[in-house]
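Asks: What follows is a structure written as structure tokens; I'll ask about it next.
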Amino acid sequence: MAIFNQFDTDGSNKITEENIYFAMQKFGHEIPRNEIHVMIKQHDLTNDGVLSYEEFKAIFVESGKPVMEDLDDAFAGRQGPAISSNLV
Ligand SMILES: [Ca+2]
């Protein structure tokens with residue numbers, strides 16, 4: 001999943017709170033750290049404080065929508081351009 005690598009900028013195969021924060025910032029979305037913290041907590045099945053590929057993927061597939069569309073939805077209402085347009 002290409003989007004995973006967009007977030008996992010340090011190549012650790014884990015998505016941290018910081019990874020998400022800076023990735024979203026790069027996409028033009030300023031997400032409060034506490035919101036990211038909650039998002040991770042909700043999807044961190046292993047309780048290690050970071051998201052694996054599977055855990056990360058679940059954020060976007062749980063609603064049954066395509067990944068990119070869902071990512072936009074997840075941060076709908078934010079300032080900045082749609083995420084999809086930044087990845088092509
Ligand atoms: Ca985890």
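Just so we're on the same page: first chain in the structure tokens is A, next is B, and so on; residues restart at 1 for each chain, and ligands are numbered from 1 in the order they show up.
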Taking only C-alpha atoms and all ligand atoms and a cut-off of 9 Å, can you tell me which residues surround ligand 1, written as a list in words?
Replies: Lys14, Ile15, Ile40, Lys41, His43, Asp44, Leu45, Thr46, Asn47, Asp48, Gly49, Val50, Leu51, Ser52, Tyr53, Glu54, Glu55 and Phe56 of chain A
Asks: Could you list, as an MDAnalysis selection string, every residue within 12 Å of Phe22 (chain A), counting only C-alpha atoms and ignoring same-chain residues fewer than 2 positions away?
Replies: chainID A and resid 6:10 15:20 24:33 36
Asks: When you draw a straight line from CA of Gln42 (chain A) to CA of Ile59 (chain A), how long is it in Å?
Replies: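 Computed distance, CA of Gln42 (chain A) to CA of Ile59 (chain A), equals 9.0 Å.
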